[in-house]
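Presented below is the structure to which this report refers.
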Amino acid sequence: MSRLGVGEFHSFDAAGRRFLYLVPSAAIFALDDPARALLDRLADQPLGRADLLAEVSSRFPDTDLDATLSELEQVHAIRTVPDVPAPTPPPPPPPNIIPLTPFPLTTAVLNVTNQCNLSCTYCYEYSEDKIVDTTNGSQPKFMSEETARQSVDLLLRESGDIQVVHVSFFGGETLMNYPVLSQVVPYACEQAAAQGKRVEFNLTTNATLLTSEMIGFLAEHNISVTVSIDGPREMQNRFRVFHDGGGSYDVLLPRVRELLQRHTSRPIGARVTLTSQVNDIVSIYRHLTEEIGFQEVGFAPVTTAPGRDYELGPSGFDEMVAQFKALADEFLESALAGRHHGFSNVSETLEEIHKGLSKAYPCGAGLGLMGIATGGDVGLCHRFAGSDEHRLGTVTDGIDREAQNAFLGRHHLANKPDCHSCWARPLCSGGCYHEAHTRYGSTEHANLHYCEWIRGWTDICLSVYGELAERNPEFLSRFN
Ligand code: SF4
Ligand code: SF4
């Protein structure tokens, strides 16, 4: 007689009840008391169906436990386990990954320059960990207008039936090539309209070169802006310095204030890089939202090889999770009261949970998103643009579908055995390729140094999700 055991899930508590995050389906399942009792009883050891029902039924005499059990089996929270342990299976054959051809390109990230007027110590483009030689390499310092136009042409050509495509401007410091940027935006709008499509733009900048004219242009063209800024003066000036070592805070502040005042059609976001020395997350959040006026603030730990003095070590990650939790609690309180809260790390993860994402790849790099280097080489994303090793085509020759398929085959979650028993894999899928390349020398490696923080953070967001699902489900409908 077969026995029943628990399936693969991560359980969490929210709003006074137990939930399951069902890993194979990335679905969330709320338990009532009888369902919880059935699962709790199986947690220690598998049991025959009749024995399980008999044991639990005395506590729930009025419940159709058989129906509850069947429901748990249907969602694979409970599964049948063999009586005799199966012999150790032979190693599985290599996964048969069906190439996704042609996968539409939805986002082109244009590295309009690889030059920067700042000299941030931890910068992935200029620090010891850089991938592309931006000083002596083959890529030009600035993207030409022709290459920018060809990038737009490539995006529209490769976007298939997608109606809304995205152009992101990145650098270096993006605004050092404002002349090209300001030319290619109207060109992209015209070309897209001629093909019955629409383009959305966003731009990342350190804001130190923003002028009133540029702000007017960004507002007029409805361009989303993300400002790279690390917090109050002292924190900003720790690493985000000019080439002469001078701090950038006082230069960017009046420019950001004008941007926030005049560009109101899109939320203006701040993006903070956390290091061992800039890690007071709650204070940074308060400063950027309450004192400067950013609507959204996102945080990311610095990408670095091990051993750099600005690296967030294990205790730094623990502290980061604790502070993220404090801000996530605030986010929840605001969401329950129908107020906006700008901690974008939570809203982004909630959206992924709500949509039931189960990723075979950690992000869109090399899939629907590609980075275009100043000279027109197409790479995995903005961080790899210009790297010969990670090239997936050029703007003139198009996407090298063979190279893309080889990349997708090698990087599929099926090829990351370290992640196969991890409950957070539907959302993490091994983590950022650039982080892995910097840390382990290979984009194919899972980012095992930050698993604890990924799982801790995912658990926090699941709890926020469960609270909202119970107490203000209307809030979640924005993610539909
Ligand atoms: S990298 Fe770590 S947290 Fe992410 S899926 Fe793999 S094992 Fe899980
Ligand atoms: S590889 Fe890393 S940096 Fe590039 S898009 Fe993915 S997550 Fe972002």
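To be explicit about the labels: the chains of the structure tokens are called A, B, and onward in the order shown, and within each one the residues are counted from 1, while ligands get numbers from 1 in the order they are shown.
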Per residue of chain A within 9 Å of ligand 2, what are the shortest atom pair and its distance in Å to one decimal, counting only C-alpha atoms and all ligand atoms, with rows by chain and residue number, as a Markdown table?
| residue | atom | partner | partner_atom_place_in_ligand_line | distance |
| --- | --- | --- | --- | --- |
| A:Pro362 | CA | ligand 2 | 6 (Fe) | 6.7 |
| A:Cys363 | CA | ligand 2 | 6 (Fe) | 4.7 |
| A:Gly364 | CA | ligand 2 | 5 (S) | 6.2 |
| A:Ala365 | CA | ligand 2 | 5 (S) | 4.8 |
| A:Gly366 | CA | ligand 2 | 1 (S) | 8.4 |
| A:Leu369 | CA | ligand 2 | 5 (S) | 7.5 |
| A:Met370 | CA | ligand 2 | 5 (S) | 8.2 |
| A:Gly371 | CA | ligand 2 | 4 (Fe) | 8.5 |
| A:Leu380 | CA | ligand 2 | 4 (Fe) | 6.9 |
| A:Cys381 | CA | ligand 2 | 4 (Fe) | 4.8 |
| A:His382 | CA | ligand 2 | 4 (Fe) | 6.4 |
| A:Arg383 | CA | ligand 2 | 3 (S) | 5.7 |
| A:Phe384 | CA | ligand 2 | 4 (Fe) | 7.3 |
| A:Gly431 | CA | ligand 2 | 7 (S) | 6.9 |
| A:Cys432 | CA | ligand 2 | 2 (Fe) | 3.8 |
| A:Tyr433 | CA | ligand 2 | 1 (S) | 4.3 |
| A:His434 | CA | ligand 2 | 2 (Fe) | 4.9 |
| A:Glu435 | CA | ligand 2 | 2 (Fe) | 6.5 |
| A:Ala436 | CA | ligand 2 | 2 (Fe) | 8.6 |
| A:Thr443 | CA | ligand 2 | 1 (S) | 8.4 |
Write out, as a PDB file, in the first residue's frame, the residues just selected, with N, CA, C and O atoms.
ATOM      1  N   PRO A 362      17.699  33.781 -15.059  1.00  0.00           N
ATOM      2  CA  PRO A 362      17.528  34.757 -13.985  1.00  0.00           C
ATOM      3  C   PRO A 362      16.968  36.099 -14.432  1.00  0.00           C
ATOM      4  O   PRO A 362      16.335  36.805 -13.645  1.00  0.00           O
ATOM      5  N   CYS A 363      17.231  36.475 -15.684  1.00  0.00           N
ATOM      6  CA  CYS A 363      16.780  37.785 -16.162  1.00  0.00           C
ATOM      7  C   CYS A 363      16.644  37.687 -17.681  1.00  0.00           C
ATOM      8  O   CYS A 363      16.871  36.638 -18.275  1.00  0.00           O
ATOM      9  N   GLY A 364      16.325  38.805 -18.287  1.00  0.00           N
ATOM     10  CA  GLY A 364      16.093  38.785 -19.742  1.00  0.00           C
ATOM     11  C   GLY A 364      17.357  38.871 -20.574  1.00  0.00           C
ATOM     12  O   GLY A 364      17.286  38.818 -21.817  1.00  0.00           O
ATOM     13  N   ALA A 365      18.522  39.001 -19.930  1.00  0.00           N
ATOM     14  CA  ALA A 365      19.761  39.194 -20.695  1.00  0.00           C
ATOM     15  C   ALA A 365      19.991  38.052 -21.688  1.00  0.00           C
ATOM     16  O   ALA A 365      19.945  36.882 -21.320  1.00  0.00           O
ATOM     17  N   GLY A 366      20.220  38.423 -22.940  1.00  0.00           N
ATOM     18  CA  GLY A 366      20.476  37.410 -23.970  1.00  0.00           C
ATOM     19  C   GLY A 366      19.214  36.748 -24.474  1.00  0.00           C
ATOM     20  O   GLY A 366      19.265  35.871 -25.342  1.00  0.00           O
ATOM     21  N   LEU A 369      16.230  40.834 -23.915  1.00  0.00           N
ATOM     22  CA  LEU A 369      16.974  42.074 -23.651  1.00  0.00           C
ATOM     23  C   LEU A 369      18.411  41.890 -24.108  1.00  0.00           C
ATOM     24  O   LEU A 369      19.006  40.839 -23.840  1.00  0.00           O
ATOM     25  N   MET A 370      18.937  42.883 -24.797  1.00  0.00           N
ATOM     26  CA  MET A 370      20.356  42.833 -25.160  1.00  0.00           C
ATOM     27  C   MET A 370      20.977  44.207 -25.011  1.00  0.00           C
ATOM     28  O   MET A 370      20.305  45.232 -25.140  1.00  0.00           O
ATOM     29  N   GLY A 371      22.276  44.197 -24.716  1.00  0.00           N
ATOM     30  CA  GLY A 371      23.012  45.448 -24.575  1.00  0.00           C
ATOM     31  C   GLY A 371      23.792  45.727 -25.848  1.00  0.00           C
ATOM     32  O   GLY A 371      24.338  44.803 -26.461  1.00  0.00           O
ATOM     33  N   LEU A 380      25.132  40.447 -24.103  1.00  0.00           N
ATOM     34  CA  LEU A 380      24.080  39.929 -23.227  1.00  0.00           C
ATOM     35  C   LEU A 380      23.236  41.036 -22.617  1.00  0.00           C
ATOM     36  O   LEU A 380      22.018  40.959 -22.592  1.00  0.00           O
ATOM     37  N   CYS A 381      23.877  42.043 -22.055  1.00  0.00           N
ATOM     38  CA  CYS A 381      23.162  43.173 -21.453  1.00  0.00           C
ATOM     39  C   CYS A 381      24.159  44.320 -21.382  1.00  0.00           C
ATOM     40  O   CYS A 381      25.296  44.199 -21.854  1.00  0.00           O
ATOM     41  N   HIS A 382      23.756  45.426 -20.772  1.00  0.00           N
ATOM     42  CA  HIS A 382      24.627  46.608 -20.727  1.00  0.00           C
ATOM     43  C   HIS A 382      25.965  46.309 -20.061  1.00  0.00           C
ATOM     44  O   HIS A 382      26.972  46.914 -20.397  1.00  0.00           O
ATOM     45  N   ARG A 383      25.994  45.382 -19.127  1.00  0.00           N
ATOM     46  CA  ARG A 383      27.244  45.109 -18.420  1.00  0.00           C
ATOM     47  C   ARG A 383      28.229  44.289 -19.261  1.00  0.00           C
ATOM     48  O   ARG A 383      29.404  44.210 -18.935  1.00  0.00           O
ATOM     49  N   PHE A 384      27.721  43.626 -20.276  1.00  0.00           N
ATOM     50  CA  PHE A 384      28.596  42.806 -21.129  1.00  0.00           C
ATOM     51  C   PHE A 384      28.801  43.429 -22.505  1.00  0.00           C
ATOM     52  O   PHE A 384      29.532  42.877 -23.322  1.00  0.00           O
ATOM     53  N   GLY A 431      20.678  33.568 -10.361  1.00  0.00           N
ATOM     54  CA  GLY A 431      21.147  34.947 -10.179  1.00  0.00           C
ATOM     55  C   GLY A 431      21.936  35.503 -11.346  1.00  0.00           C
ATOM     56  O   GLY A 431      22.269  34.812 -12.308  1.00  0.00           O
ATOM     57  N   CYS A 432      22.247  36.787 -11.222  1.00  0.00           N
ATOM     58  CA  CYS A 432      22.841  37.623 -12.292  1.00  0.00           C
ATOM     59  C   CYS A 432      24.109  37.014 -12.910  1.00  0.00           C
ATOM     60  O   CYS A 432      25.028  36.606 -12.206  1.00  0.00           O
ATOM     61  N   TYR A 433      24.159  37.014 -14.236  1.00  0.00           N
ATOM     62  CA  TYR A 433      25.340  36.481 -14.952  1.00  0.00           C
ATOM     63  C   TYR A 433      26.582  37.319 -14.676  1.00  0.00           C
ATOM     64  O   TYR A 433      27.692  36.796 -14.612  1.00  0.00           O
ATOM     65  N   HIS A 434      26.378  38.616 -14.551  1.00  0.00           N
ATOM     66  CA  HIS A 434      27.540  39.485 -14.337  1.00  0.00           C
ATOM     67  C   HIS A 434      28.127  39.261 -12.944  1.00  0.00           C
ATOM     68  O   HIS A 434      29.349  39.193 -12.766  1.00  0.00           O
ATOM     69  N   GLU A 435      27.241  39.115 -11.966  1.00  0.00           N
ATOM     70  CA  GLU A 435      27.693  38.804 -10.607  1.00  0.00           C
ATOM     71  C   GLU A 435      28.492  37.486 -10.626  1.00  0.00           C
ATOM     72  O   GLU A 435      29.557  37.383 -10.027  1.00  0.00           O
ATOM     73  N   ALA A 436      27.951  36.489 -11.329  1.00  0.00           N
ATOM     74  CA  ALA A 436      28.610  35.178 -11.378  1.00  0.00           C
ATOM     75  C   ALA A 436      29.963  35.275 -12.079  1.00  0.00           C
ATOM     76  O   ALA A 436      30.955  34.677 -11.644  1.00  0.00           O
ATOM     77  N   THR A 443      29.819  32.998 -16.325  1.00  0.00           N
ATOM     78  CA  THR A 443      28.400  33.368 -16.292  1.00  0.00           C
ATOM     79  C   THR A 443      27.515  32.164 -15.976  1.00  0.00           C
ATOM     80  O   THR A 443      26.347  32.311 -15.621  1.00  0.00           O
TER      81      THR A 443
END
All residues 10 Å or closer to A:Ser25, only C-alpha atoms, same chain fewer than 5 positions away omitted, as a ChimeraX atom specification: /A:8-9,75-76,356-358,426
Which parts of stretch 225-396 of chain A does DSSP call alpha helix (DSSP H) when run on the backbone here, written out as a PyMOL selection string? chain A and resi 233-239+249-262+281-286+314-336+344-354
Pick out the residues no farther than 12 Å from ligand 1, counting only C-alpha atoms and all ligand atoms, and list them as a count of residues only. 46
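Pairwise distance (atom CA of A:Gln183, atom CA of A:Pro140) equals 18.6 Å.
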Would you list the contacts of stretch 331-341 of chain A as a CSV table (one decimal) with N, CA and C atoms, in the first residue's frame, taking every protein, DNA or RNA residue within 10 Å and counting only C-alpha atoms, but skipping same-chain residues closer than 4 positions in sequence?
chain,number,residue,atom,x,y,z
A,289,THR,N,13.8,59.8,-0.2
A,289,THR,CA,12.4,60.0,-0.4
A,289,THR,C,11.9,61.3,0.3
A,295,GLN,N,10.5,59.2,-5.8
A,295,GLN,CA,9.2,58.4,-5.6
A,295,GLN,C,9.5,56.9,-5.4
A,296,GLU,N,10.7,56.4,-6.0
A,296,GLU,CA,11.0,55.0,-5.9
A,296,GLU,C,12.5,54.9,-5.5
A,297,VAL,N,12.9,54.0,-4.7
A,297,VAL,CA,14.3,53.8,-4.3
A,297,VAL,C,14.5,52.3,-4.4
A,325,LYS,N,13.9,44.1,5.8
A,325,LYS,CA,12.7,43.6,6.5
A,325,LYS,C,12.0,44.9,7.1
A,326,ALA,N,12.8,45.7,7.7
A,326,ALA,CA,12.2,46.9,8.4
A,326,ALA,C,11.4,47.8,7.3
A,327,LEU,N,12.1,48.0,6.2
A,327,LEU,CA,11.4,48.8,5.1
A,327,LEU,C,10.2,48.0,4.5
A,346,VAL,N,10.6,45.7,-3.0
A,346,VAL,CA,9.4,44.9,-2.6
A,346,VAL,C,8.4,44.8,-3.8
A,347,SER,N,8.1,46.0,-4.4
A,347,SER,CA,7.1,46.0,-5.4
A,347,SER,C,7.5,45.1,-6.6
A,461,CYS,N,9.2,38.7,1.3
A,461,CYS,CA,8.3,39.2,0.3
A,461,CYS,C,7.0,38.3,0.2
A,463,SER,N,5.7,36.8,2.7
A,463,SER,CA,4.9,37.1,3.8
A,463,SER,C,4.1,38.4,3.5
A,464,VAL,N,4.8,39.4,2.9
A,464,VAL,CA,4.1,40.6,2.6
A,464,VAL,C,3.0,40.3,1.6
A,465,TYR,N,3.3,39.4,0.7
A,465,TYR,CA,2.2,39.0,-0.3
A,465,TYR,C,1.0,38.4,0.4
A,467,GLU,N,0.0,38.7,3.5
A,467,GLU,CA,-0.7,39.7,4.2
A,467,GLU,C,-1.7,40.5,3.3
A,468,LEU,N,-1.1,40.9,2.2
A,468,LEU,CA,-1.9,41.7,1.3
A,468,LEU,C,-3.0,40.9,0.6
A,471,ARG,N,-5.6,40.7,3.4
A,471,ARG,CA,-6.2,42.0,4.0
A,471,ARG,C,-6.5,43.1,3.1
A,472,ASN,N,-5.8,43.1,1.9
A,472,ASN,CA,-6.1,44.1,0.9
A,472,ASN,C,-5.8,43.6,-0.5
A,473,PRO,N,-6.5,42.6,-0.9
A,473,PRO,CA,-6.2,42.0,-2.2
A,473,PRO,C,-6.3,43.0,-3.4
A,474,GLU,N,-7.1,44.0,-3.2
A,474,GLU,CA,-7.2,45.0,-4.2
A,474,GLU,C,-5.8,45.6,-4.6
A,475,PHE,N,-5.0,45.7,-3.6
A,475,PHE,CA,-3.6,46.3,-3.9
A,475,PHE,C,-2.9,45.5,-4.9
A,476,LEU,N,-3.1,44.1,-4.9
A,476,LEU,CA,-2.3,43.2,-5.8
A,476,LEU,C,-2.8,43.3,-7.2
Spatial neighbours of stretch 313-319 of chain A, 9 Å, only C-alpha atoms, chain gap at least 3 places, as a PyMOL selection string: chain A and resi 275-276+279+301+306-307+310+322-324+449-450+452-453
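Taking only C-alpha atoms, the non-local environment of A:Leu156 within 8 Å (same-chain residues fewer than 4 positions away omitted) comprises Val152, Gly160, Val165 and Ala192 of chain A.
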Who sits within 7 Å of A:Leu20, only C-alpha atoms, same chain under 5 positions skipped, as a list in words: Phe9, His10, Ser11, Phe12, Ile28, Phe29 and Ala30 of chain A
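Between atom CA of A:Thr226 and atom CA of A:Ala270 there is a distance of 5.5 Å.
Shortest separation to A:Arg255 among A:Ile215, A:Ile268, A:Ile284, A:Leu118 occurs at residue A:Ile215, atoms counted being only C-alpha atoms.
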List every residue of stretch 283-321 of chain A that DSSP, applied to the backbone, labels as strand (DSSP E), and write the result as JSON, numbers by chain. {"A": [296, 297, 298, 299, 300, 301]}
Those same residues - N, CA and C atoms - I'd like them written as an mmCIF file, in the first residue's frame.
data_model
loop_
_atom_site.group_PDB
_atom_site.id
_atom_site.type_symbol
_atom_site.label_atom_id
_atom_site.label_comp_id
_atom_site.auth_asym_id
_atom_site.auth_seq_id
_atom_site.Cartn_x
_atom_site.Cartn_y
_atom_site.Cartn_z
ATOM 1 N N GLU A 296 10.661 56.439 -5.992
ATOM 2 C CA GLU A 296 11.031 55.021 -5.892
ATOM 3 C C GLU A 296 12.511 54.932 -5.528
ATOM 4 N N VAL A 297 12.854 53.993 -4.661
ATOM 5 C CA VAL A 297 14.262 53.758 -4.337
ATOM 6 C C VAL A 297 14.516 52.254 -4.355
ATOM 7 N N GLY A 298 15.514 51.854 -5.138
ATOM 8 C CA GLY A 298 15.897 50.438 -5.189
ATOM 9 C C GLY A 298 17.335 50.276 -4.722
ATOM 10 N N PHE A 299 17.602 49.184 -4.059
ATOM 11 C CA PHE A 299 18.944 48.924 -3.512
ATOM 12 C C PHE A 299 19.508 47.646 -4.118
ATOM 13 N N ALA A 300 20.807 47.640 -4.356
ATOM 14 C CA ALA A 300 21.461 46.405 -4.812
ATOM 15 C C ALA A 300 22.851 46.336 -4.195
ATOM 16 N N PRO A 301 23.246 45.145 -3.745
ATOM 17 C CA PRO A 301 24.610 45.023 -3.224
ATOM 18 C C PRO A 301 25.618 45.174 -4.352
#
